[in-house]
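Visitor: File model.cif follows (mmCIF, C-alpha atoms):
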data_query
loop_
_atom_site.label_atom_id
_atom_site.label_comp_id
_atom_site.auth_asym_id
_atom_site.auth_seq_id
_atom_site.Cartn_x
_atom_site.Cartn_y
_atom_site.Cartn_z
CA MET A 25 0.00 0.00 0.00
CA SER A 26 2.99 2.26 0.41
CA LYS A 27 3.16 2.25 -3.37
CA ARG A 28 -0.24 3.90 -3.62
CA TRP A 29 1.13 7.38 -4.12
CA GLN A 30 4.60 6.45 -5.31
CA GLY A 31 3.05 4.75 -8.32
CA GLN A 32 1.70 8.07 -9.44
CA VAL A 33 4.26 9.55 -11.77
CA GLU A 34 4.26 13.31 -11.82
CA ARG A 35 2.40 14.12 -14.95
CA GLY A 36 3.50 16.65 -17.52
CA THR A 37 6.80 17.08 -19.23
CA THR A 38 9.93 19.10 -18.59
CA GLY A 39 9.25 21.12 -21.74
CA ALA A 40 5.82 22.19 -20.55
CA LEU A 41 7.23 23.01 -17.13
CA HIS A 42 9.89 25.22 -18.64
CA LEU A 43 7.32 27.01 -20.76
CA ILE A 44 5.17 27.76 -17.74
CA LEU A 45 8.25 28.83 -15.86
CA TRP A 46 9.22 31.25 -18.61
CA ILE A 47 5.75 32.79 -18.72
CA ALA A 48 5.61 33.03 -14.93
CA LEU A 49 8.95 34.77 -14.61
CA ASN A 50 8.65 37.04 -17.65
CA LEU A 51 4.96 37.86 -17.83
CA GLY A 52 4.11 37.63 -14.15
CA ARG A 53 1.67 35.80 -11.90
CA PHE A 54 -1.50 37.16 -13.49
CA MET A 55 -0.62 35.93 -16.97
CA ALA A 56 0.75 32.64 -15.69
CA ARG A 57 -2.47 31.99 -13.80
CA LEU A 58 -4.42 32.12 -17.07
CA ILE A 59 -2.63 28.92 -18.10
CA LEU A 60 -4.09 27.20 -15.04
CA TYR A 61 -7.48 26.97 -16.74
CA PRO A 62 -6.40 24.83 -19.70
CA ILE A 63 -4.18 22.82 -17.36
CA THR A 64 -7.11 22.17 -15.04
CA LEU A 65 -9.28 21.17 -17.99
CA TYR A 66 -6.57 18.86 -19.28
CA PHE A 67 -6.20 17.00 -15.99
CA LEU A 68 -9.94 16.97 -15.47
CA ILE A 69 -10.38 15.15 -18.78
CA THR A 70 -7.35 12.85 -18.76
CA GLY A 71 -6.81 12.10 -15.08
CA SER A 72 -9.67 9.76 -14.34
CA ALA A 73 -7.98 8.07 -11.36
CA GLN A 74 -7.17 11.45 -9.82
CA ARG A 75 -10.69 12.67 -10.46
CA ARG A 76 -12.09 9.60 -8.73
CA ALA A 77 -9.84 10.18 -5.75
CA SER A 78 -10.89 13.83 -5.69
CA THR A 79 -14.59 12.94 -5.69
CA ASP A 80 -14.10 10.29 -3.03
CA TYR A 81 -12.37 12.75 -0.73
CA LEU A 82 -14.62 15.74 -1.45
CA ASN A 83 -17.77 13.68 -0.77
CA LEU A 84 -16.51 13.32 2.78
CA THR A 85 -15.24 16.85 3.41
CA LEU A 86 -18.00 18.78 1.67
CA GLU A 87 -20.63 16.52 3.23
CA ARG A 88 -22.53 16.44 -0.05
CA PRO A 89 -21.96 14.63 -3.35
CA ALA A 90 -19.06 16.32 -5.15
CA ASN A 91 -19.62 17.34 -8.76
CA LEU A 92 -17.35 18.02 -11.73
CA LEU A 93 -17.06 21.67 -10.77
CA ASP A 94 -15.74 20.63 -7.35
CA ASN A 95 -13.15 18.41 -9.06
CA ALA A 96 -12.16 21.34 -11.27
CA LYS A 97 -11.78 23.65 -8.28
CA HIS A 98 -9.74 20.95 -6.51
CA ILE A 99 -7.35 20.50 -9.44
CA HIS A 100 -7.16 24.26 -9.98
CA THR A 101 -6.21 24.85 -6.34
CA PHE A 102 -3.46 22.25 -6.64
CA SER A 103 -2.07 23.73 -9.88
CA ALA A 104 -2.21 27.23 -8.42
CA THR A 105 -0.06 26.27 -5.45
CA ILE A 106 2.43 24.49 -7.71
CA LEU A 107 2.67 27.64 -9.82
CA ASP A 108 3.13 29.72 -6.69
CA ARG A 109 6.08 27.55 -5.74
CA VAL A 110 7.82 29.05 -8.77
CA PHE A 111 7.40 32.54 -7.28
CA LEU A 112 8.45 31.34 -3.83
CA MET A 113 11.61 29.81 -5.28
CA ALA A 114 12.32 33.02 -7.17
CA ASP A 115 11.93 35.00 -3.92
CA ARG A 116 8.89 36.88 -5.20
CA TYR A 117 7.17 37.02 -1.83
CA ASP A 118 5.59 40.36 -2.70
CA TYR A 119 2.93 38.53 -4.71
CA PHE A 120 1.35 37.01 -1.66
CA ASP A 121 -1.06 38.11 0.97
CA LEU A 122 -0.26 35.97 3.99
CA GLU A 123 -2.55 35.66 6.96
CA ILE A 124 -0.29 34.18 9.59
CA HIS A 125 -1.81 32.74 12.73
CA ASN A 126 0.44 32.25 15.72
CA HIS A 127 3.57 33.48 13.97
CA LYS A 128 5.38 34.06 17.26
CA LEU A 129 4.98 30.44 18.27
CA ILE A 130 7.99 29.06 16.48
CA ALA A 131 10.08 32.23 16.70
CA GLU A 132 9.80 32.16 20.50
CA HIS A 133 10.75 28.55 20.54
CA LEU A 134 13.82 29.13 18.38
CA ASP A 135 14.89 32.03 20.56
CA ALA A 136 15.40 29.47 23.30
CA ASN A 137 17.79 27.76 20.87
CA ARG A 138 15.91 24.50 20.94
CA GLY A 139 15.31 22.42 17.87
CA CYS A 140 11.90 21.11 16.91
CA ILE A 141 9.94 19.08 14.41
CA LEU A 142 7.55 20.95 12.15
CA LEU A 143 4.99 18.46 10.99
CA GLY A 144 3.06 19.27 7.85
CA SER A 145 1.05 17.34 5.32
CA HIS A 146 -0.06 17.35 1.72
CA LEU A 147 -2.95 19.58 2.75
CA GLY A 148 -2.03 22.97 1.33
CA SER A 149 1.43 24.24 0.54
CA PHE A 150 4.30 23.36 2.84
CA GLU A 151 6.48 25.43 0.55
CA ILE A 152 4.79 28.67 1.64
CA LEU A 153 6.87 28.21 4.77
CA ARG A 154 9.72 29.73 2.79
CA ALA A 155 7.73 32.93 2.46
CA THR A 156 6.75 33.02 6.10
CA ALA A 157 10.39 32.54 6.92
CA ILE A 158 11.19 35.71 5.06
CA VAL A 159 8.41 37.66 6.71
CA LYS A 160 9.85 37.33 10.17
CA ARG A 161 13.29 35.87 9.92
CA GLU A 162 15.36 33.24 8.22
CA LEU A 163 14.27 29.90 9.63
CA PRO A 164 16.96 27.24 10.09
CA LEU A 165 14.83 24.74 8.23
CA LYS A 166 15.59 21.38 6.64
CA ILE A 167 12.88 19.30 5.04
CA LEU A 168 12.82 15.51 4.84
CA MET A 169 11.84 14.49 1.35
CA TYR A 170 11.90 11.70 -1.18
CA PRO A 171 13.99 13.08 -4.03
CA GLN A 172 13.00 10.60 -6.69
CA HIS A 173 9.30 11.34 -6.31
CA ASN A 174 9.31 14.70 -8.01
CA GLU A 175 12.75 14.75 -9.49
CA MET A 176 11.72 16.72 -12.56
CA MET A 177 10.05 19.46 -10.60
CA MET A 178 12.92 19.59 -8.13
CA GLN A 179 15.34 20.01 -10.99
CA VAL A 180 13.39 22.95 -12.37
CA PHE A 181 13.10 24.53 -8.93
CA SER A 182 16.78 24.00 -8.19
CA GLU A 183 17.63 25.96 -11.33
CA LEU A 184 15.55 28.80 -9.91
CA ASN A 185 16.96 28.56 -6.44
CA PRO A 186 20.29 26.75 -6.14
CA SER A 187 20.17 26.85 -2.34
CA LEU A 188 17.06 24.65 -2.43
CA SER A 189 18.93 21.36 -2.30
CA ASP A 190 20.75 22.52 0.84
CA SER A 191 17.45 22.71 2.62
CA ILE A 192 16.47 19.14 1.80
CA ILE A 193 17.47 15.93 3.50
CA GLU A 194 16.93 12.94 1.26
CA LEU A 195 14.81 10.19 2.73
CA GLY A 196 15.58 6.54 2.30
CA ARG A 197 19.27 6.42 3.17
CA PRO A 198 20.71 4.84 6.32
CA ASP A 199 22.15 8.21 7.38
CA THR A 200 18.99 10.23 6.60
CA LEU A 201 17.76 10.54 10.15
CA ILE A 202 21.19 10.92 11.67
CA LYS A 203 21.42 14.08 9.57
CA ALA A 204 17.95 15.03 10.73
CA GLN A 205 18.93 14.53 14.36
CA GLU A 206 21.86 16.91 13.88
CA VAL A 207 19.49 19.61 12.60
CA VAL A 208 17.40 19.35 15.76
CA ASP A 209 20.50 19.13 18.00
CA GLN A 210 21.76 22.37 16.50
CA GLY A 211 18.53 24.16 17.32
CA GLY A 212 17.06 23.92 13.82
CA ILE A 213 13.64 23.04 12.47
CA LEU A 214 13.08 19.66 10.91
CA GLY A 215 10.19 19.76 8.46
CA LEU A 216 8.36 16.59 7.47
CA LEU A 217 5.02 15.56 6.06
CA GLY A 218 3.03 13.07 8.05
CA ASP A 219 0.22 11.89 5.83
CA ARG A 220 1.82 9.59 3.26
CA VAL A 221 3.00 6.09 4.01
CA MET A 222 6.64 5.60 3.09
CA ASP A 223 7.41 2.27 4.66
CA ALA A 224 4.76 -0.41 4.56
CA ASN A 225 6.20 -2.00 7.71
CA LYS A 226 5.79 1.02 9.92
CA THR A 227 2.20 2.07 9.70
CA VAL A 228 -0.70 2.56 12.01
CA GLN A 229 -4.45 2.46 11.40
CA CYS A 230 -6.25 5.73 12.10
CA GLN A 231 -9.66 7.21 11.52
CA PHE A 232 -9.68 9.99 8.96
CA LEU A 233 -12.88 11.70 7.82
CA GLY A 234 -14.87 8.90 9.32
CA ARG A 235 -13.05 6.05 7.65
CA GLU A 236 -10.13 3.90 8.65
CA THR A 237 -6.89 4.33 6.75
CA THR A 238 -3.16 3.83 7.05
CA PHE A 239 -0.85 6.52 8.38
CA PRO A 240 2.93 6.36 8.74
CA GLN A 241 4.32 5.77 12.24
CA GLY A 242 7.51 7.55 11.22
CA PRO A 243 6.76 11.11 12.40
CA MET A 244 5.70 10.10 15.92
CA LEU A 245 8.47 7.51 16.22
CA LEU A 246 10.96 10.16 15.19
CA ALA A 247 9.55 12.68 17.66
CA SER A 248 9.82 10.13 20.46
CA ILE A 249 13.41 9.24 19.59
CA MET A 250 14.48 12.87 19.17
CA LYS A 251 12.72 13.93 22.37
CA CYS A 252 11.91 17.32 20.92
CA PRO A 253 8.73 19.39 20.64
CA VAL A 254 6.44 19.01 17.65
CA PHE A 255 4.60 21.86 15.95
CA LEU A 256 2.03 21.51 13.20
CA PHE A 257 2.08 23.58 10.03
CA PHE A 258 -0.59 24.11 7.40
CA GLY A 259 -0.16 26.59 4.53
CA LEU A 260 -3.70 26.81 3.21
CA TYR A 261 -4.46 28.44 -0.13
CA LEU A 262 -7.62 30.51 0.00
CA GLY A 263 -7.76 31.66 -3.64
CA GLY A 264 -6.40 34.73 -5.37
CA ASN A 265 -3.09 35.58 -3.76
CA ARG A 266 -4.22 34.70 -0.24
CA TYR A 267 -2.67 32.07 1.97
CA GLN A 268 -3.57 31.28 5.53
CA ILE A 269 -0.72 29.96 7.65
CA ARG A 270 -1.79 27.89 10.62
CA MET A 271 0.76 26.80 13.19
CA GLU A 272 0.01 24.83 16.31
CA HIS A 273 1.92 23.51 19.25
CA PHE A 274 1.30 19.76 19.06
CA THR A 275 3.31 18.47 22.01
CA ASP A 276 6.51 19.09 23.94
CA ARG A 277 7.40 15.45 23.91
CA VAL A 278 6.08 12.27 22.39
CA GLU A 279 6.57 9.59 25.00
CA LEU A 280 6.00 5.96 24.19
CA GLU A 281 5.70 3.86 27.30
CA ARG A 282 7.56 0.59 27.13
CA GLY A 283 5.25 -2.29 26.40
CA ARG A 284 2.54 0.06 25.13
CA ARG A 285 4.55 1.33 22.18
CA GLU A 286 2.17 0.36 19.38
CA GLU A 287 -0.87 1.56 21.30
CA MET A 288 0.76 4.91 22.12
CA LEU A 289 1.91 5.38 18.53
CA GLN A 290 -1.69 4.90 17.41
CA ILE A 291 -2.96 7.46 19.92
CA TRP A 292 -0.39 10.08 18.90
CA THR A 293 -0.84 9.51 15.19
CA GLN A 294 -4.62 9.67 15.58
CA ARG A 295 -4.20 13.07 17.25
CA TYR A 296 -2.31 14.25 14.17
CA ALA A 297 -4.95 12.72 11.86
CA ASP A 298 -7.64 14.59 13.83
CA ARG A 299 -5.91 17.94 13.29
CA LEU A 300 -5.42 17.08 9.62
CA GLU A 301 -9.13 16.35 9.38
CA PHE A 302 -9.97 19.64 11.09
CA TYR A 303 -7.99 21.64 8.54
CA ALA A 304 -9.19 19.49 5.63
CA ARG A 305 -12.74 20.47 6.55
CA HIS A 306 -11.62 24.08 6.96
CA ALA A 307 -9.99 24.25 3.50
CA PRO A 308 -11.25 21.18 1.59
CA TYR A 309 -9.78 21.95 -1.82
CA ASN A 310 -6.26 22.02 -0.39
CA TRP A 311 -6.01 18.24 -0.25
CA PHE A 312 -3.16 17.31 -2.58
CA ASN A 313 -3.23 13.56 -2.22
CA PHE A 314 -4.78 12.71 -5.56
CA TYR A 315 -4.78 8.97 -5.00
CA ASP A 316 -6.93 6.41 -3.27
CA PHE A 317 -6.09 7.59 0.26
CA TRP A 318 -8.18 4.99 2.04
CA GLY A 319 -6.79 2.10 0.00
CA ARG A 320 -10.29 1.02 -0.93
CA ASP A 321 -9.23 -0.06 -4.42
CA ASP A 322 -6.63 -2.35 -2.85
CA ALA A 323 -9.16 -3.78 -0.47
CA SER A 324 -11.66 -4.61 -3.18
CA GLU A 325 -9.08 -6.39 -5.33
CA MET B 4 28.69 -19.02 8.01
CA GLU B 5 31.74 -17.67 9.77
CA SER B 6 31.15 -17.37 13.48
CA ALA B 7 31.05 -13.85 14.89
CA SER B 8 33.86 -12.55 17.06
CA PRO B 9 33.11 -11.73 20.73
CA THR B 10 33.05 -7.99 19.93
CA GLU B 11 30.74 -8.59 17.01
CA LEU B 12 28.44 -10.52 19.28
CA GLU B 13 28.46 -7.62 21.73
CA VAL B 14 27.51 -5.17 18.95
CA ALA B 15 24.88 -7.60 17.68
CA GLN B 16 23.48 -7.72 21.21
CA LEU B 17 23.32 -3.91 21.21
CA ILE B 18 21.43 -3.96 17.89
CA VAL B 19 18.88 -6.45 19.16
CA GLU B 20 18.37 -4.59 22.45
CA THR B 21 18.31 -1.06 21.04
CA LEU B 22 15.86 -1.92 18.31
CA ASN B 23 13.75 -4.34 20.35
CA LEU B 24 14.13 -6.97 17.63
CA GLU B 25 11.81 -9.79 18.50
CA ASP B 26 12.27 -12.32 15.76
CA VAL B 27 16.05 -12.41 15.69
CA THR B 28 18.75 -13.07 18.30
CA ALA B 29 22.24 -11.59 18.45
CA GLU B 30 23.73 -14.96 17.48
CA GLU B 31 21.63 -15.04 14.32
CA ILE B 32 22.96 -11.79 12.88
CA GLU B 33 25.52 -12.73 10.26
CA SER B 34 28.68 -10.67 10.31
CA GLU B 35 28.79 -10.01 6.55
CA ALA B 36 25.07 -9.80 5.73
CA PRO B 37 23.69 -6.30 5.08
CA LEU B 38 22.01 -4.70 8.09
CA PHE B 39 19.67 -2.56 6.03
CA ARG B 40 16.91 -3.45 3.64
CA ASP B 41 17.51 -6.90 2.13
CA GLY B 42 19.55 -8.21 5.03
CA LEU B 43 18.30 -7.60 8.54
CA GLY B 44 15.79 -5.15 7.06
CA LEU B 45 16.64 -2.13 9.18
CA ASP B 46 15.51 1.31 8.07
CA SER B 47 16.66 4.85 8.71
CA ILE B 48 14.70 5.14 11.96
CA ASP B 49 16.55 2.04 13.16
CA ALA B 50 19.81 3.63 12.05
CA LEU B 51 19.07 6.68 14.17
CA GLU B 52 18.17 4.60 17.22
CA LEU B 53 21.26 2.48 16.68
CA SER B 54 23.48 5.54 16.42
CA LEU B 55 22.06 6.82 19.72
CA GLY B 56 22.63 3.40 21.27
CA ILE B 57 26.24 3.38 20.07
CA LYS B 58 26.75 6.86 21.47
CA GLN B 59 25.36 5.79 24.83
CA LYS B 60 27.32 2.56 25.10
CA TYR B 61 30.63 3.45 23.46
CA GLY B 62 30.65 7.24 23.54
CA ILE B 63 31.06 7.38 19.77
CA GLN B 64 29.13 10.06 17.96
CA LEU B 65 28.35 9.04 14.40
CA LYS B 66 28.42 12.10 12.18
CA ALA B 67 26.16 12.50 9.17
CA ASP B 68 28.89 14.23 7.19
CA ASP B 69 31.01 11.15 7.64
CA GLU B 70 31.25 9.95 4.05
CA ASN B 71 31.53 6.35 5.17
CA LEU B 72 28.33 6.21 7.15
CA THR B 73 26.57 4.00 4.60
CA GLU B 74 29.66 1.79 4.54
CA ILE B 75 29.79 1.62 8.35
CA PHE B 76 26.19 0.47 8.49
CA SER B 77 26.62 -2.01 5.64
CA SER B 78 27.30 -5.03 7.85
CA LEU B 79 27.85 -6.14 11.42
CA SER B 80 31.57 -6.65 10.82
CA LYS B 81 31.99 -3.15 9.33
CA LEU B 82 30.07 -1.57 12.19
CA THR B 83 32.08 -3.51 14.76
CA GLN B 84 35.34 -2.53 13.08
CA TYR B 85 34.32 1.12 13.19
CA ILE B 86 33.47 0.92 16.90
CA VAL B 87 36.75 -0.84 17.69
CA ASP B 88 38.70 1.78 15.73
CA ASN B 89 37.00 4.73 17.37
CA ARG B 90 36.45 3.94 21.00
#
What do you get writing this file as structure tokens?

Guide:
Amino acid sequence: MSKRWQGQVERGTTGALHLILWIALNLGRFMARLILYPITLYFLITGSAQRRASTDYLNLTLERPANLLDNAKHIHTFSATILDRVFLMADRYDYFDLEIHNHKLIAEHLDANRGCILLGSHLGSFEILRATAIVKRELPLKILMYPQHNEMMMQVFSELNPSLSDSIIELGRPDTLIKAQEVVDQGGILGLLGDRVMDANKTVQCQFLGRETTFPQGPMLLASIMKCPVFLFFGLYLGGNRYQIRMEHFTDRVELERGRREEMLQIWTQRYADRLEFYARHAPYNWFNFYDFWGRDDASE
Amino acid sequence: MESASPTELEVAQLIVETLNLEDVTAEEIESEAPLFRDGLGLDSIDALELSLGIKQKYGIQLKADDENLTEIFSSLSKLTQYIVDNR
């Protein structure tokens, strides 16, 4: 089941990406956003699996049957945030109207020179964190990421912002988390996304939007091993140039009692899933997991 | 299978204890078999826990910028050699 999202190749081609990039950087955000309409239409027509996943999810969050227009809005929201990543990488923060909740939360924590985990998700744009970093200060941030997943996009973004690769720690190597531990030890912020399963062996069953699904144990395991505080981060796109940044203190410490490890991991992960659900209902179209999140296709096979 | 040296057995014991491995004993960890993925099947979370265990027991801090980190974790014998060389 861990292959559910990994099987989804990033669609589009490098050529198309470069064209959009050129328009974005030379003609500006307004012009570039006009391309989002044909792009949305294209994916709406050709991406039947994604559309199914979108409908399945939106039925639950909107609490009514989702229609084609909802799918279009969903895909459009996703494409808009991808396009905005171009401007974030090019340091064009002036384009955005950011509504930041709780912005002192992490700054105050960093002042004490203590490292922390910043746990995000594929709900909204984690990348907008780069802009919020500029608003207040430079955040000592490193993000855990699978490089092979969106290699093409990363390559394009790296051309825009060569320092990008410095802020990423590649997942999947034996030394990955030893690097991550050093970030936290040095008082930095370790960013990771907690909603996609990366390792089929380390998962936990949680309720999400009223249905059971699989979440990774990794984030909570990591927090317990690193013995550091965890904050939640959601960069929600509200349309136009508006983003709402929601940060929350999740816990000072994840403690897993001996002998109750699995049970405690489930409780902690469920708490994360509950917050994810809260924000998914708050900004439904920000859900960027365009695959069968509940693994229902697998189950029916 | 070549039998493990006493030090290797001690390190294997540390691996089993640190990672709470239930279906394998220290004696069963082969000295040349890979620790990660195909071999013992450890992952990067295990590597982190193991590095903390090594720090606690032997006072050796594994550094991420150590180019040989992947090599060090490649087998029980390599890991043991590294600990012997650095303690």

Visitor: So, counting all atoms listed in the file, which residue among A:Gly242, A:Gly139, A:Gly218, A:Pro62 is closest to chain B?

Guide: A:Gly242

Visitor: For chain B, work out the contacting residues on chain A at 9 Å, counting all atoms listed in the file, and write them as a PyMOL selection string.

Guide: chain A and resi 195-206+223+242+245-246+249

Visitor: Could you pull the residues within 8 Å of range 122-134 of chain A, counting all atoms listed in the file, minus those fewer than 2 positions along the same chain, as number ranges by chain?

Guide: A: 120, 136-139, 156, 211-212, 255, 266-273

Visitor: Using all atoms listed in the file for the distances, tell me which of A:Asn310, A:Thr275, A:Asn83, A:Ser189 is nearest to Met244 in chain A.

Guide: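 Of A:Asn310, A:Thr275, A:Asn83, A:Ser189, the one nearest Met244 in chain A is A:Thr275, counting all atoms listed in the file.
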
Visitor: Give me the residues within 9 Å of Ala56 in chain A as a compact mmCIF listing (two decimals) with C-alpha atoms, in the coordinates of the input, counting all atoms listed in the file and dropping any in the same chain fewer than 6 places off.

Guide:
# COMPACT_ATOMS: atom_id res chain seq x y z
CA ILE A 44 5.17 27.76 -17.74
CA LEU A 45 8.25 28.83 -15.86
CA ILE A 47 5.75 32.79 -18.72
CA ALA A 48 5.61 33.03 -14.93
CA LEU A 49 8.95 34.77 -14.61
CA LEU A 107 2.67 27.64 -9.82

Visitor: Counting all atoms listed in the file, which of B:Leu79, B:Leu17, B:Ala36, B:Ala29 gets nearest to Gln59 in chain B?

Guide: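 Looking at the shortest contact to Gln59 in chain B, the residue is B:Leu17.
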
Visitor: Can you list what the PyMOL selection byres ((chain A and resi 74) around 10) grabs from this structure, as a PyMOL selection string?

Guide: chain A and resi 32+67-68+70-73+75-80+95+99+313-316

Visitor: What's around Val254 in chain A at 7 Å? Count only C-alpha atoms, leave out sequence neighbours fewer than 4 positions away in its own chain, and write the answer as a PDB file with C-alpha atoms, keeping the file's coordinate frame.

Guide:
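result-v6.pdb, freshly written:
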ATOM      1  CA  CYS A 140      11.900  21.110  16.910  1.00  0.00           C
ATOM      2  CA  ILE A 141       9.940  19.080  14.410  1.00  0.00           C
ATOM      3  CA  LEU A 142       7.550  20.950  12.150  1.00  0.00           C
ATOM      4  CA  LEU A 143       4.990  18.460  10.990  1.00  0.00           C
ATOM      5  CA  HIS A 273       1.920  23.510  19.250  1.00  0.00           C
ATOM      6  CA  PHE A 274       1.300  19.760  19.060  1.00  0.00           C
ATOM      7  CA  THR A 275       3.310  18.470  22.010  1.00  0.00           C
ATOM      8  CA  ASP A 276       6.510  19.090  23.940  1.00  0.00           C
TER       9      ASP A 276
END

Visitor: Using all atoms listed in the file, determine which residues lie at most 8 Å from Tyr119 in chain A, disregarding the query and same-chain residues fewer than 2 positions distant; provide the list as a PyMOL selection string.

Guide: chain A and resi 53+111+116-117+121+265

Visitor: How far is it from CA of Tyr261 in chain A to CA of Phe102 in chain A, in Å with one decimal?

Guide: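 Computing it gives 9.0 Å between the two atoms.
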
Visitor: Given the file above and the PyMOL selection byres ((chain B and resi 84) around 12), which residues are selected, and can you give them as a list in words?

Guide: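 That selection, the PyMOL selection byres ((chain B and resi 84) around 12), comes back as Ser8, Thr10, Glu11, Val14, Ser34, Glu35, Glu74, Ile75, Phe76, Ser77, Ser78, Leu79, Ser80, Lys81, Leu82, Thr83, Tyr85, Ile86, Val87, Asp88, Asn89 and Arg90 of chain B.
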
Visitor: Hey, can I get the axis-aligned box for range 18-30 of chain B? All listed atoms, 4 Å padding on each side, centre and edge lengths in Å to one decimal, as lines of an AutoDock Vina configuration file.

Guide:
center_x = 17.8
center_y = -8.0
center_z = 19.1
size_x = 19.9
size_y = 21.9
size_z = 14.8

Visitor: May I ask for the distance between CA of Ile32 in chain B and CA of Gln64 in chain B, given in Å to one decimal place?

Guide: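 One can read the CA of Ile32 in chain B to CA of Gln64 in chain B distance as 23.3 Å.
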